[in-house]
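Visitor: This is input-v4.txt, which holds compact mmCIF, C-alpha atoms and all ligand atoms:
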# COMPACT_ATOMS: atom_id res chain seq x y z
CA MET W 1 70.56 139.09 106.13
CA ARG W 2 69.94 135.48 105.10
CA ASP W 3 67.63 133.33 107.18
CA THR W 4 69.40 130.02 106.52
CA PRO W 5 72.90 129.24 107.76
CA ALA W 6 75.75 129.71 105.30
CA LYS W 7 77.14 126.48 103.87
CA ALA W 8 80.82 125.65 103.70
CA ILE W 9 82.69 122.75 102.18
CA ALA W 10 85.81 121.86 104.18
CA LEU W 11 88.75 119.96 102.73
CA ILE W 12 89.33 117.11 105.15
CA SER W 13 92.65 115.27 105.01
CA GLY W 14 92.16 113.35 108.23
CA GLY W 15 94.81 115.37 110.08
CA LEU W 16 94.37 117.78 112.95
CA ASP W 17 94.51 121.09 111.06
CA SER W 18 91.60 120.43 108.74
CA MET W 19 89.62 119.00 111.65
CA LEU W 20 90.15 122.18 113.68
CA ALA W 21 89.41 124.47 110.74
CA ALA W 22 86.09 122.75 110.09
CA ARG W 23 85.17 122.90 113.79
CA VAL W 24 86.02 126.62 114.05
CA VAL W 25 83.57 127.31 111.23
CA GLN W 26 80.93 124.97 112.65
CA GLU W 27 81.15 126.92 115.90
CA GLN W 28 80.00 129.99 113.97
CA GLY W 29 76.73 128.31 113.08
CA VAL W 30 77.77 127.52 109.51
CA HIS W 31 76.58 124.25 107.96
CA VAL W 32 79.84 122.44 107.11
CA GLU W 33 80.30 119.32 105.00
CA GLY W 34 83.66 117.70 104.33
CA ILE W 35 85.31 116.74 101.07
CA ASN W 36 88.21 114.34 100.77
CA PHE W 37 90.05 113.74 97.52
CA PHE W 38 91.39 110.28 96.83
CA THR W 39 94.53 110.47 94.66
CA GLY W 40 95.72 106.90 95.19
CA PHE W 41 98.79 108.24 97.00
CA CYS W 42 96.96 108.93 100.24
CA VAL W 43 98.46 107.46 103.37
CA GLU W 44 95.12 107.21 105.08
CA GLY W 45 94.13 103.78 106.21
CA HIS W 46 96.48 101.93 103.90
CA THR W 47 99.73 100.73 105.44
CA HIS W 48 98.19 101.13 108.88
CA ALA W 49 95.75 98.44 107.93
CA ILE W 50 98.41 96.18 106.41
CA ARG W 51 101.66 96.30 108.34
CA LYS W 52 102.17 94.92 111.81
CA GLN W 53 104.61 97.67 112.76
CA ASP W 54 101.79 100.16 112.28
CA ARG W 55 99.27 98.20 114.31
CA ALA W 56 99.57 100.54 117.27
CA LYS W 57 97.97 103.21 115.11
CA PRO W 58 94.21 103.02 114.87
CA GLN W 59 93.11 101.16 111.75
CA ARG W 60 90.68 103.65 110.38
CA ASN W 61 90.21 106.10 107.60
CA ASN W 62 91.00 109.31 109.44
CA ALA W 63 88.99 111.51 107.08
CA LEU W 64 85.85 109.49 107.81
CA TRP W 65 86.70 109.42 111.47
CA VAL W 66 87.10 113.22 111.57
CA ALA W 67 83.75 113.66 109.83
CA GLU W 68 82.18 111.40 112.43
CA GLN W 69 83.76 113.36 115.29
CA LEU W 70 82.46 116.61 113.84
CA GLY W 71 79.05 115.19 113.05
CA MET W 72 79.25 116.18 109.42
CA ARG W 73 78.78 114.55 106.07
CA LEU W 74 81.92 113.60 104.13
CA HIS W 75 82.13 113.42 100.35
CA ILE W 76 84.99 111.24 99.14
CA VAL W 77 85.89 112.11 95.57
CA ASP W 78 88.04 109.84 93.40
CA ILE W 79 90.54 111.93 91.43
CA VAL W 80 93.02 109.16 90.60
CA ASP W 81 93.00 109.82 86.85
CA GLU W 82 92.70 113.59 86.92
CA TYR W 83 95.51 113.83 89.42
CA LYS W 84 98.02 112.61 86.82
CA GLN W 85 98.00 116.03 85.16
CA VAL W 86 99.19 117.48 88.47
CA LEU W 87 101.92 114.95 89.03
CA PHE W 88 103.23 114.77 85.45
CA ASN W 89 103.67 118.45 84.96
CA PRO W 90 103.59 120.50 88.13
CA ARG W 91 103.91 124.16 87.25
CA TYR W 92 105.49 124.95 90.60
CA GLY W 93 107.69 121.87 90.68
CA PHE W 94 108.16 119.29 93.39
CA GLY W 95 108.93 119.49 97.09
CA ALA W 96 111.75 117.45 98.61
CA ASN W 97 110.47 114.32 96.86
CA LEU W 98 107.86 113.73 94.15
CA ASN W 99 105.29 115.79 96.04
CA PRO W 100 103.88 118.59 93.89
CA CYS W 101 102.28 120.20 96.97
CA LEU W 102 101.54 123.65 95.62
CA ASP W 103 100.01 122.40 92.38
CA CYS W 104 98.19 119.73 94.35
CA LYS W 105 96.59 122.28 96.66
CA ILE W 106 95.59 124.49 93.74
CA PHE W 107 94.05 121.47 92.01
CA MET W 108 92.14 120.26 95.08
CA ILE W 109 90.80 123.70 95.90
CA ARG W 110 89.79 124.15 92.26
CA LYS W 111 87.89 120.85 92.49
CA ALA W 112 86.32 121.92 95.77
CA HIS W 113 85.30 125.23 94.21
CA GLN W 114 83.61 123.42 91.32
CA TRP W 115 81.89 121.13 93.80
CA MET W 116 80.80 124.13 95.88
CA LEU W 117 79.22 125.83 92.88
CA ALA W 118 77.50 122.66 91.72
CA HIS W 119 76.02 121.98 95.16
CA GLY W 120 74.97 125.46 96.22
CA PHE W 121 77.55 125.98 98.96
CA ASP W 122 78.90 129.42 99.86
CA PHE W 123 82.59 129.06 100.62
CA ILE W 124 85.52 126.70 101.08
CA VAL W 125 87.44 125.96 104.26
CA THR W 126 90.94 124.52 104.55
CA GLY W 127 93.24 123.84 107.47
CA GLU W 128 96.18 125.65 105.88
CA VAL W 129 98.43 127.59 108.24
CA VAL W 130 100.76 130.34 107.05
CA GLY W 131 104.38 129.22 107.27
CA GLN W 132 103.51 125.64 108.16
CA ARG W 133 105.12 124.04 105.12
CA PRO W 134 108.18 125.37 103.34
CA LYS W 135 106.69 125.50 99.89
CA SER W 136 102.95 125.17 99.79
CA GLN W 137 101.97 127.05 102.95
CA ARG W 138 104.05 130.21 102.81
CA LYS W 139 102.47 133.63 103.12
CA GLU W 140 103.36 134.37 99.48
CA THR W 141 101.81 131.16 98.18
CA MET W 142 98.48 131.53 99.99
CA PRO W 143 97.16 134.10 97.46
CA VAL W 144 98.56 132.00 94.59
CA VAL W 145 96.48 129.03 95.71
CA ALA W 146 93.37 131.20 96.13
CA LYS W 147 93.77 132.87 92.75
CA GLU W 148 94.85 129.97 90.58
CA SER W 149 92.25 127.61 91.98
CA GLY W 150 89.57 130.13 90.99
CA ALA W 151 88.25 130.17 94.56
CA ASP W 152 89.67 133.66 95.26
CA ASP W 153 88.03 135.18 98.31
CA LEU W 154 85.68 132.25 98.72
CA LEU W 155 88.57 130.40 100.31
CA LEU W 156 88.76 130.76 104.10
CA ARG W 157 91.65 129.45 106.20
CA PRO W 158 90.19 129.81 109.69
CA LEU W 159 93.42 128.90 111.50
CA SER W 160 95.42 131.66 109.82
CA ALA W 161 92.69 134.06 108.70
CA LYS W 162 93.93 136.94 110.82
CA ASN W 163 97.23 136.89 108.92
CA LEU W 164 95.47 137.03 105.58
CA PRO W 165 93.19 139.46 103.74
CA GLU W 166 89.52 139.39 104.66
CA THR W 167 87.49 136.88 102.69
CA ARG W 168 83.91 137.00 101.54
CA ALA W 169 82.74 134.78 104.40
CA GLU W 170 83.94 137.45 106.83
CA ARG W 171 82.62 140.40 104.83
CA GLU W 172 79.19 138.83 104.49
CA GLY W 173 79.10 138.09 108.20
CA TRP W 174 78.87 134.31 107.64
CA VAL W 175 81.76 134.06 110.10
CA ALA W 176 83.16 136.64 112.51
CA ARG W 177 86.78 137.48 111.82
CA SER W 178 87.26 138.04 115.55
CA ALA W 179 86.48 134.34 116.16
CA LEU W 180 89.11 133.17 113.68
CA TYR W 181 92.80 132.56 114.39
CA GLY W 182 96.18 133.95 113.41
CA PHE W 183 98.37 130.85 113.62
CA ASN W 184 101.68 131.23 111.92
CA GLY W 185 104.76 129.04 111.47
CA ARG W 186 105.74 125.46 112.03
CA SER W 187 104.98 125.10 115.71
CA ARG W 188 102.10 122.74 116.39
CA LYS W 189 101.48 124.08 119.88
CA PRO W 190 98.62 126.47 118.98
CA GLN W 191 96.80 123.66 117.18
CA MET W 192 97.26 121.33 120.11
CA GLN W 193 95.98 124.00 122.49
CA LEU W 194 92.93 124.56 120.30
CA ALA W 195 92.36 120.80 120.10
CA ARG W 196 92.28 120.73 123.90
CA GLU W 197 89.82 123.61 123.99
CA PHE W 198 87.53 121.71 121.64
CA GLY W 199 87.96 118.57 123.71
CA PHE W 200 89.72 116.60 120.94
CA SER W 201 92.09 114.22 122.66
CA ASP W 202 92.39 111.68 119.86
CA TYR W 203 93.47 112.83 116.42
CA ALA W 204 95.91 111.75 113.70
CA GLN W 205 99.41 112.80 114.68
CA PRO W 206 100.96 115.35 112.38
CA ALA W 207 103.14 113.59 109.82
CA GLY W 208 105.41 114.75 107.02
CA GLY W 209 102.50 115.05 104.65
CA CYS W 210 99.17 113.62 103.72
CA CYS W 211 100.43 111.33 101.01
CA PHE W 212 103.17 108.91 100.03
CA LEU W 213 104.64 111.37 97.53
CA THR W 214 106.40 113.15 100.41
CA ASP W 215 108.21 109.91 101.25
CA ALA W 216 111.72 109.54 99.78
CA ALA W 217 111.62 105.74 99.49
CA TYR W 218 108.21 105.80 97.84
CA SER W 219 109.25 108.52 95.41
CA ALA W 220 112.36 106.52 94.46
CA LYS W 221 110.16 103.51 93.66
CA LEU W 222 107.83 105.64 91.58
CA SER W 223 110.76 107.11 89.63
CA ASP W 224 112.07 103.59 89.07
CA LEU W 225 108.67 102.48 87.76
CA TRP W 226 108.51 105.38 85.30
CA GLU W 227 112.09 104.95 84.16
CA HIS W 228 111.73 101.26 83.37
CA ARG W 229 108.32 101.59 81.85
CA GLY W 230 109.63 104.27 79.51
CA SER W 231 106.71 106.53 80.37
CA ARG W 232 105.45 108.40 83.40
CA ASN W 233 102.09 106.73 83.31
CA TYR W 234 100.64 104.59 86.07
CA ASP W 235 97.40 103.05 87.18
CA LEU W 236 95.95 102.61 90.64
CA ASP W 237 97.37 99.08 91.05
CA ASP W 238 100.87 100.34 90.25
CA ILE W 239 100.84 103.00 92.90
CA MET W 240 99.19 100.78 95.50
CA LEU W 241 101.87 98.11 94.96
CA LEU W 242 104.61 100.67 95.51
CA LYS W 243 103.33 101.05 99.07
CA VAL W 244 103.88 97.40 99.86
CA GLY W 245 106.80 94.95 100.06
CA ARG W 246 110.50 94.97 99.36
CA HIS W 247 111.18 95.98 95.76
CA LEU W 248 114.28 94.56 94.06
CA ARG W 249 115.22 95.24 90.46
CA PRO W 250 117.88 92.84 89.18
CA SER W 251 117.24 93.85 85.57
CA PRO W 252 115.72 96.77 83.67
CA ARG W 253 113.13 94.31 82.36
CA PHE W 254 111.68 93.11 85.66
CA LYS W 255 111.51 93.65 89.38
CA LEU W 256 110.49 91.49 92.30
CA ILE W 257 108.03 92.60 94.95
CA ILE W 258 108.58 90.51 98.07
CA ALA W 259 106.15 90.65 100.99
CA ARG W 260 107.84 91.58 104.27
CA GLU W 261 105.21 90.22 106.60
CA GLU W 262 101.91 88.41 106.86
CA GLY W 263 99.74 91.46 106.16
CA GLU W 264 101.68 92.16 102.98
CA VAL W 265 101.39 88.52 101.90
CA ARG W 266 97.62 88.83 102.13
CA PHE W 267 97.67 92.12 100.24
CA LEU W 268 99.86 90.72 97.43
CA GLU W 269 97.65 87.63 97.19
CA GLY W 270 95.05 89.91 95.66
CA TYR W 271 97.41 90.49 92.72
CA ARG W 272 98.45 86.88 92.08
CA LYS W 273 96.47 86.52 88.87
CA GLN W 274 98.15 89.55 87.30
CA PHE W 275 101.76 88.50 87.94
CA ILE W 276 104.04 85.49 87.84
CA HIS W 277 104.41 84.72 91.52
CA LEU W 278 106.55 82.59 93.76
CA GLN W 279 106.27 81.24 97.27
CA THR W 280 108.50 78.98 99.31
CA VAL W 281 107.02 75.57 100.16
CA SER W 282 109.81 73.77 102.05
CA HIS W 283 110.16 76.65 104.53
CA ALA W 284 107.95 79.45 105.72
CA GLY W 285 108.52 82.41 103.47
CA PRO W 286 107.10 85.35 101.65
CA LEU W 287 104.95 85.62 98.58
CA ALA W 288 106.66 87.49 95.75
CA LEU W 289 105.38 88.93 92.50
CA ILE W 290 107.46 89.40 89.37
CA ASP W 291 106.65 92.62 87.58
CA GLY W 292 108.01 92.35 84.03
CA ASP W 293 109.36 89.67 81.70
CA VAL W 294 111.74 86.94 82.79
CA ASP W 295 113.51 84.07 81.01
CA ASP W 296 114.25 80.74 82.73
CA ASP W 297 117.57 81.88 84.21
CA GLU W 298 116.02 85.03 85.56
CA LEU W 299 113.19 83.02 87.07
CA GLN W 300 115.78 80.93 88.94
CA LEU W 301 117.45 84.12 90.11
CA CYS W 302 114.11 85.34 91.43
CA ALA W 303 113.58 82.02 93.22
CA ARG W 304 117.01 82.33 94.89
CA LEU W 305 116.18 85.85 96.01
CA VAL W 306 112.84 84.85 97.45
CA ALA W 307 114.52 81.90 99.22
CA ARG W 308 116.95 84.39 100.75
CA PHE W 309 114.05 86.17 102.45
CA SER W 310 112.47 82.95 103.73
CA GLN W 311 113.08 80.93 106.90
CA GLY W 312 115.26 78.70 104.71
CA ARG W 313 117.88 81.38 104.11
CA GLN W 314 120.54 79.23 105.84
CA ALA W 315 119.44 75.95 104.23
CA ASP W 316 121.29 74.31 101.34
CA ARG W 317 118.15 74.11 99.25
CA VAL W 318 114.75 75.74 99.38
CA GLU W 319 111.79 74.53 97.39
CA LEU W 320 109.42 77.06 95.84
CA ARG W 321 106.20 76.99 93.88
CA ILE W 322 106.15 79.21 90.79
CA VAL W 323 102.82 80.06 89.22
CA GLY W 324 102.79 81.53 85.72
CA LEU W 325 100.36 83.99 84.22
CA ASP W 326 98.45 81.01 82.75
CA GLY W 327 97.87 79.72 86.30
CA ASN W 328 100.10 76.67 85.82
CA ALA W 329 102.28 75.87 88.81
CA SER W 330 105.70 74.23 88.90
CA LEU W 331 108.13 73.42 91.69
CA THR W 332 111.77 74.39 91.75
CA SER W 333 114.58 73.85 94.24
CA VAL W 334 117.30 76.48 94.61
CA SER W 335 120.12 77.51 96.90
CA PRO W 336 119.22 80.77 98.65
CA MET W 337 121.22 83.75 97.49
CA PRO W 338 123.63 84.96 100.19
CA ALA W 339 122.71 88.38 101.50
CA ASP W 340 126.07 89.85 100.53
CA ALA W 341 125.62 88.67 96.95
CA ILE W 342 122.62 90.95 96.45
CA PRO W 343 123.89 94.27 95.07
CA GLU W 344 122.68 97.32 96.98
CA SER W 345 121.69 98.83 93.65
CA TRP W 346 118.92 96.24 93.25
CA TYR W 347 117.00 97.60 96.22
CA ARG W 348 114.44 100.18 95.32
S1 LIG I 401 101.44 115.97 100.72
FE1 LIG I 401 100.54 115.03 98.90
S2 LIG I 401 98.32 115.34 99.09
FE2 LIG I 401 99.33 116.76 100.52
S3 LIG I 401 99.56 118.67 99.35
FE3 LIG I 401 101.47 117.52 99.09
S4 LIG I 401 101.20 116.33 97.21
FE4 LIG I 401 99.15 117.03 97.88
As structure tokens - that is how I would like this structure written.

Guide:
Amino acid sequence: MRDTPAKAIALISGGLDSMLAARVVQEQGVHVEGINFFTGFCVEGHTHAIRKQDRAKPQRNNALWVAEQLGMRLHIVDIVDEYKQVLFNPRYGFGANLNPCLDCKIFMIRKAHQWMLAHGFDFIVTGEVVGQRPKSQRKETMPVVAKESGADDLLLRPLSAKNLPETRAEREGWVARSALYGFNGRSRKPQMQLAREFGFSDYAQPAGGCCFLTDAAYSAKLSDLWEHRGSRNYDLDDIMLLKVGRHLRPSPRFKLIIAREEGEVRFLEGYRKQFIHLQTVSHAGPLALIDGDVDDDELQLCARLVARFSQGRQADRVELRIVGLDGNASLTSVSPMPADAIPESWYR
């Protein structure tokens, strides 16, 4: 019998399930710390902090907030570069969109296992629930994740443990199997009940997934980026910009990113030095970035498009400032493009 508490590392996404799983294990007297992997595609704290329509949601990083609620340390690990190997070539394919959920889980649990070994922890905790997600959380895939991640029986899913083979944490008596749960399926009711029992009234509402890759519109923009770049590579700025603005591609050589509201204008301002950008001056209007190469005619086309999304959309002429990559600014006056003249196929 050991005289110090067992130590677990819990994957914390910021959602309810991982919060509950960590708390269940804490209740058993285990020392739990959280780990959160930053892929660049995470939803957490991004659009909520930018867009007005999301203002009703608390502007916070939910993973940090969960750690605070549970009184535990959180390790945020940047895996932006390493994650590309998961996204470029997922062995188990994609979900409904560009979300490689099964490969992603295997990868994150493998990283958590490495972290656990390097830091002297005993086991790993996740909030996975059997049958919760069609591909990555089926009963048949649970052992696949455990085996291929290398974590094997060091991986404990406290919310579904009673539906799964005993793990080392149970065998060693670090946690009592009788105090674990047997949740199964897509219903959220058992989790909500458990949240009430723990006194959690405020938690991130369950969404379609923990990252933008589950989103059809986002995945379409990412596919478009890869197609026109001629390679499936990306950097952090690329994938952050896909989360923001209206994206229009009038040509294979360039696209326009047009802010939809004040918060997005401020966000895109941070990228002005990297892109040719335009902003209306005669009327209130959005900031827009041009991603790609444009000739003079195409620049005028971009100006007409930006004018279309400004307060001057009904005016005969709208004046805009265009700033090149060299920082030199020029003014131009254009007639706004009528909405019905913009082909649907330009919208990404
Ligand atoms: S939703 Fe995103 S972060 Fe979550 S498992 Fe799927 S790919 Fe990974």

Visitor: Name all residues at most 7 Å from W:Asp78 (count only C-alpha atoms; drop same-chain ones fewer than 5 positions away) and give them as a short mmCIF file (atom, residue, chain, number, x, y, z; two decimals) with C-alpha atoms, in the frame of the given file.

Guide:
data_model
loop_
_atom_site.label_atom_id
_atom_site.label_comp_id
_atom_site.auth_asym_id
_atom_site.auth_seq_id
_atom_site.Cartn_x
_atom_site.Cartn_y
_atom_site.Cartn_z
CA PHE W 37 90.05 113.74 97.52
CA PHE W 38 91.39 110.28 96.83
CA THR W 39 94.53 110.47 94.66
#

Visitor: Return as a PyMOL selection string the residues of protein, DNA or RNA that approach ligand LIG 401 (chain I) to within 8 Å, with only C-alpha atoms and all ligand atoms taken into account.

Guide: chain W and resi 39+41-42+95+98-105+136+208-214

Visitor: Report as an NGL selection string all protein, DNA and RNA residues lying within 9 Å of stretch 174-178 of chain W, evaluated on only C-alpha atoms, omitting residues in the same chain fewer than 3 positions from it.

Guide: :W and (5-7 or 25 or 28-30 or 158 or 161-162 or 166 or 168-171 or 181)

Visitor: Could you state the separation of atom CA of W:Leu117 and atom CA of W:Gln137 in Å, given to one decimal place?

Guide: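 Separation of atom CA of W:Leu117 and atom CA of W:Gln137: 24.9 Å.
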
Visitor: Mind pulling up the distance from atom CA of W:Asn61 to atom CA of W:Ile76?

Guide: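 Answer for the atom CA of W:Ile76 to atom CA of W:Asn61 separation: 11.2 Å.
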
Visitor: Counting all atoms listed in the file, write as a PyMOL selection string all protein and nucleic acid residues lying at most 10 Å from (95.8, 120.4, 112.3) in the file's frame.

Guide: chain W and resi 13-21+127-129+159+188+190-192+194-195+203-206

Visitor: Any idea what the distance is between atom CA of W:Gln132 and atom CA of W:Gly93?

Guide: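 A separation of 18.4 Å between them.
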
Visitor: Which of these, W:Ser335, W:Asn36, W:Gln114, W:Gln69, has the shortest distance to W:Phe200 once you count all atoms listed in the file?

Guide: W:Gln69

Visitor: Excluding W:Leu287 and any residue of its chain fewer than 2 positions from it, enumerate the residues within 9 Å of it, using only C-alpha atoms, and give them as a PyMOL selection string.

Guide: chain W and resi 257-260+264-266+268-269+277-280+285+289+306

Visitor: Please determine the residues with any atom at most 12 Å from (112.1, 82.4, 108.2) (coordinates as given in the file, with only C-alpha atoms counting) and report them as a compact mmCIF listing (two decimals) with C-alpha atoms, in the coordinates of the input.

Guide:
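File produced: point05.txt:
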# COMPACT_ATOMS: atom_id res chain seq x y z
CA ARG W 260 107.84 91.58 104.27
CA GLU W 261 105.21 90.22 106.60
CA GLU W 262 101.91 88.41 106.86
CA THR W 280 108.50 78.98 99.31
CA VAL W 281 107.02 75.57 100.16
CA SER W 282 109.81 73.77 102.05
CA HIS W 283 110.16 76.65 104.53
CA ALA W 284 107.95 79.45 105.72
CA GLY W 285 108.52 82.41 103.47
CA PRO W 286 107.10 85.35 101.65
CA VAL W 306 112.84 84.85 97.45
CA ALA W 307 114.52 81.90 99.22
CA ARG W 308 116.95 84.39 100.75
CA PHE W 309 114.05 86.17 102.45
CA SER W 310 112.47 82.95 103.73
CA GLN W 311 113.08 80.93 106.90
CA GLY W 312 115.26 78.70 104.71
CA ARG W 313 117.88 81.38 104.11
CA GLN W 314 120.54 79.23 105.84
CA ALA W 315 119.44 75.95 104.23
CA VAL W 318 114.75 75.74 99.38

Visitor: Counting all atoms listed in the file, what is within 12 Å of W:Ala329, bar same-chain residues fewer than 3 positions away, as a VMD selection string?

Guide: chain W and resid 276 to 279 320 to 326 332

Visitor: Of the residues W:Glu319, W:Asp296, W:Asp235, W:Asp215, which is the one nearest to W:Val43, using all atoms listed in the file?

Guide: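 Residue with the minimum atom-to-atom distance to W:Val43: W:Asp215.
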
Visitor: W:Leu64, W:Val24, W:Val145, W:Ile9: which is nearest W:Ala118, counting only C-alpha atoms?

Guide: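 Of the candidates, the smallest distance to W:Ala118 is held by W:Ile9.
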
Visitor: Find the spatial neighbours of W:Trp115, counting only C-alpha atoms, within a cut-off of 10 Å - ignore same-chain residues fewer than 5 positions away - and output them as a list in words.

Guide: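 Once the nearby chain positions are removed, what remains is Ile9, Ile35, Ile109, Arg110, Gly120, Phe121 and Ile124 of chain W.
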
Visitor: May I ask which of the residues W:Arg133, W:Arg232, W:Arg157, W:Arg60 is the closest one to W:Gln85, counting all atoms listed in the file?

Guide: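 Counting all atoms listed in the file, the residue closest to W:Gln85 is W:Arg232.
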